Structure formats: structure tokens, C-alpha cells
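J.: So here's protein-v6.cif (mmCIF, C-alpha atoms; chains and numbers go by the auth columns).
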```
data_coords
loop_
_atom_site.group_PDB
_atom_site.id
_atom_site.type_symbol
_atom_site.label_atom_id
_atom_site.label_comp_id
_atom_site.label_asym_id
_atom_site.label_seq_id
_atom_site.Cartn_x
_atom_site.Cartn_y
_atom_site.Cartn_z
_atom_site.B_iso_or_equiv
_atom_site.auth_seq_id
_atom_site.auth_asym_id
ATOM 1 C CA MET A 1 7.357 -30.162 15.203 0.00 11 A
ATOM 2 C CA THR A 2 9.341 -26.923 15.337 0.00 12 A
ATOM 3 C CA GLU A 3 8.212 -23.664 13.761 0.00 13 A
ATOM 4 C CA SER A 4 10.895 -24.137 11.105 0.00 14 A
ATOM 5 C CA ASP A 5 9.591 -27.643 10.331 0.00 15 A
ATOM 6 C CA GLU A 6 6.043 -26.311 10.049 0.00 16 A
ATOM 7 C CA LEU A 7 7.122 -23.581 7.654 0.00 17 A
ATOM 8 C CA THR A 8 9.085 -26.076 5.552 0.00 18 A
ATOM 9 C CA ALA A 9 6.021 -28.325 5.382 0.00 19 A
ATOM 10 C CA ALA A 10 3.800 -25.367 4.369 0.00 20 A
ATOM 11 C CA TRP A 11 6.323 -24.386 1.660 0.00 21 A
ATOM 12 C CA ASN A 12 6.385 -27.966 0.330 0.00 22 A
ATOM 13 C CA ARG A 13 2.564 -28.219 0.313 0.00 23 A
ATOM 14 C CA ALA A 14 2.251 -24.902 -1.525 0.00 24 A
ATOM 15 C CA THR A 15 4.897 -25.916 -4.068 0.00 25 A
ATOM 16 C CA ALA A 16 3.082 -29.182 -4.754 0.00 26 A
ATOM 17 C CA ALA A 17 -0.251 -27.353 -5.121 0.00 27 A
ATOM 18 C CA LEU A 18 0.978 -24.794 -7.672 0.00 28 A
ATOM 19 C CA PRO A 19 -0.242 -25.137 -11.234 0.00 29 A
ATOM 20 C CA VAL A 20 2.121 -26.698 -13.774 0.00 30 A
ATOM 21 C CA GLY A 21 4.832 -24.243 -14.809 0.00 31 A
ATOM 22 C CA TRP A 22 4.553 -22.062 -11.692 0.00 32 A
ATOM 23 C CA THR A 23 7.412 -21.807 -9.192 0.00 33 A
ATOM 24 C CA LEU A 24 7.240 -20.646 -5.609 0.00 34 A
ATOM 25 C CA ASP A 25 9.741 -17.788 -5.621 0.00 35 A
ATOM 26 C CA ARG A 26 9.807 -16.305 -2.136 0.00 36 A
ATOM 27 C CA LEU A 27 8.136 -15.636 1.183 0.00 37 A
ATOM 28 C CA GLN A 28 8.752 -12.220 2.683 0.00 38 A
ATOM 29 C CA CYS A 29 7.696 -9.997 5.521 0.00 39 A
ATOM 30 C CA ALA A 30 5.277 -7.310 4.344 0.00 40 A
ATOM 31 C CA SER A 31 7.093 -4.502 6.157 0.00 41 A
ATOM 32 C CA ALA A 32 8.077 -1.686 3.814 0.00 42 A
ATOM 33 C CA SER A 33 10.964 -0.515 6.023 0.00 43 A
ATOM 34 C CA LEU A 34 12.260 -0.584 9.579 0.00 44 A
ATOM 35 C CA ALA A 35 10.367 2.603 10.447 0.00 45 A
ATOM 36 C CA ALA A 36 7.565 1.970 12.942 0.00 46 A
ATOM 37 C CA GLU A 37 4.896 3.354 10.620 0.00 47 A
ATOM 38 C CA HIS A 38 5.925 0.904 7.865 0.00 48 A
ATOM 39 C CA ARG A 39 6.126 -2.242 10.004 0.00 49 A
ATOM 40 C CA SER A 40 3.744 -5.125 9.376 0.00 50 A
ATOM 41 C CA GLU A 41 3.233 -8.562 10.868 0.00 51 A
ATOM 42 C CA ASP A 42 1.855 -9.835 7.536 0.00 52 A
ATOM 43 C CA TRP A 43 3.621 -12.180 5.120 0.00 53 A
ATOM 44 C CA ILE A 44 3.662 -12.191 1.309 0.00 54 A
ATOM 45 C CA ALA A 45 4.167 -15.351 -0.749 0.00 55 A
ATOM 46 C CA VAL A 46 5.235 -14.875 -4.382 0.00 56 A
ATOM 47 C CA ALA A 47 5.157 -17.267 -7.341 0.00 57 A
ATOM 48 C CA ILE A 48 6.467 -16.872 -10.878 0.00 58 A
ATOM 49 C CA GLY A 49 4.574 -18.288 -13.846 0.00 59 A
ATOM 50 C CA PRO A 50 5.899 -19.930 -16.999 0.00 60 A
ATOM 51 C CA ASP A 51 5.614 -16.650 -18.915 0.00 61 A
ATOM 52 C CA GLY A 52 7.329 -14.634 -16.158 0.00 62 A
ATOM 53 C CA GLU A 53 4.077 -13.413 -14.610 0.00 63 A
ATOM 54 C CA GLU A 54 4.444 -12.739 -10.883 0.00 64 A
ATOM 55 C CA ARG A 55 1.555 -13.366 -8.506 0.00 65 A
ATOM 56 C CA SER A 56 1.450 -12.835 -4.743 0.00 66 A
ATOM 57 C CA HIS A 57 -0.776 -13.411 -1.759 0.00 67 A
ATOM 58 C CA ARG A 58 -0.664 -11.564 1.576 0.00 68 A
ATOM 59 C CA ALA A 59 -1.832 -13.048 4.877 0.00 69 A
ATOM 60 C CA THR A 60 -1.341 -12.653 8.619 0.00 70 A
ATOM 61 C CA ASP A 61 0.933 -15.703 8.867 0.00 71 A
ATOM 62 C CA ALA A 62 3.451 -17.327 6.559 0.00 72 A
ATOM 63 C CA ALA A 63 1.630 -20.642 6.084 0.00 73 A
ATOM 64 C CA ALA A 64 -1.623 -18.865 5.205 0.00 74 A
ATOM 65 C CA ALA A 65 0.195 -16.706 2.643 0.00 75 A
ATOM 66 C CA LEU A 66 1.624 -19.829 0.988 0.00 76 A
ATOM 67 C CA THR A 67 -1.697 -21.679 0.992 0.00 77 A
ATOM 68 C CA GLY A 68 -3.592 -18.644 -0.243 0.00 78 A
ATOM 69 C CA LEU A 69 -1.163 -18.097 -3.102 0.00 79 A
ATOM 70 C CA ALA A 70 -1.650 -21.601 -4.490 0.00 80 A
ATOM 71 C CA ALA A 71 -5.430 -21.358 -4.045 0.00 81 A
ATOM 72 C CA SER A 72 -5.602 -17.968 -5.763 0.00 82 A
ATOM 73 C CA LEU A 73 -3.718 -19.282 -8.807 0.00 83 A
ATOM 74 C CA HIS A 74 -6.138 -22.175 -9.151 0.00 84 A
ATOM 75 C CA SER A 75 -9.199 -19.954 -8.740 0.00 85 A
ATOM 76 C CA ALA A 76 -7.806 -17.586 -11.393 0.00 86 A
ATOM 77 C CA GLY A 77 -7.645 -20.483 -13.874 0.00 87 A
ATOM 78 C CA HIS A 78 -3.853 -20.972 -13.847 0.00 88 A
ATOM 79 C CA PHE A 79 -3.851 -24.749 -13.953 0.00 89 A
ATOM 80 C CA SER A 80 -2.814 -27.347 -16.482 0.00 90 A
#
```
Mind turning this structure into C-alpha cells?
T.:
Amino acid sequence: MTESDELTAAWNRATAALPVGWTLDRLQCASASLAAEHRSEDWIAVAIGPDGEERSHRATDAAAALTGLAASLHSAGHFS
């Protein structure tokens, strides 16, 4: 399985694990700019709720950010 395939699978698992009404919006690098002092290896996964609420989760790799986002929504009581 390629890295791209693994990321697609992680995205699909996270999407399926989101509470009803939540949508996985994006996965982005945590770097604030191209300047060396703003660079980061972390990833941020972002979901949007049915009322427009935005929630995110930051982790050291993309799959962990996706998994953590879905888990954090469930632990916060955002489920059907």
C-alpha cells in the first residue's frame, strides 16, 4: 500500500467515524509560513459541524490527526 493509499484509507475511516452531521473539511500542514521558525512537521485535521462549528485536532502525522479528530468529537459528546 502506498503512502497515498494509506492516507486515503485514514481519511475514509475518519469520515465514517464522525458523528452524524459532521463533515471532514480538510487536512493541513501545521506550518504557519515558509520561514524556518514557523515550520512544523505536525498535521491538523478539521471538521465542520451541522451548526457550522469548526473543530480541529493536531498530531505528528496525518493519520493520527484524522483519527484524533473523530475521537475528540465523540468524547466531547458530539454524536447522534
J.: Evaluate the PyMOL selection byres ((chain A and resi 19-25) around 10) on the structure here and hand back the selected residues as a ChimeraX atom specification.
T.: /A:13-18,26-29,32-37,55,57,72-81
J.: So what does the PyMOL selection byres ((chain A and resi 65) around 9) actually pick up in this one, as a PyMOL selection string?
T.: chain A and resi 55-59+63-64+66-67+79+82-83
J.: Selected residues, C-alpha atoms, written as an mmCIF file, in the frame of the given file, please.
T.:
```cif
data_model
loop_
_atom_site.group_PDB
_atom_site.id
_atom_site.type_symbol
_atom_site.label_atom_id
_atom_site.label_comp_id
_atom_site.auth_asym_id
_atom_site.auth_seq_id
_atom_site.Cartn_x
_atom_site.Cartn_y
_atom_site.Cartn_z
ATOM 1 C CA ALA A 55 4.167 -15.351 -0.749
ATOM 2 C CA VAL A 56 5.235 -14.875 -4.382
ATOM 3 C CA ALA A 57 5.157 -17.267 -7.341
ATOM 4 C CA ILE A 58 6.467 -16.872 -10.878
ATOM 5 C CA GLY A 59 4.574 -18.288 -13.846
ATOM 6 C CA GLU A 63 4.077 -13.413 -14.610
ATOM 7 C CA GLU A 64 4.444 -12.739 -10.883
ATOM 8 C CA SER A 66 1.450 -12.835 -4.743
ATOM 9 C CA HIS A 67 -0.776 -13.411 -1.759
ATOM 10 C CA LEU A 79 -1.163 -18.097 -3.102
ATOM 11 C CA SER A 82 -5.602 -17.968 -5.763
ATOM 12 C CA LEU A 83 -3.718 -19.282 -8.807
#
```
J.: One decimal, Å: what's the distance from atom CA of A:Ala40 over to atom CA of A:Arg68, could you say?
T.: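 The value is 7.8 Å.
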J.: Smallest atom-to-atom distance to A:Ser50: which of A:Thr70, A:Gly87, A:Gly62, A:Gly31, using only C-alpha atoms?
T.: A:Thr70
J.: Grab the atom CA of A:His84 to atom CA of A:Ile54 distance for me, in Å with one decimal place.
T.: 17.5 Å
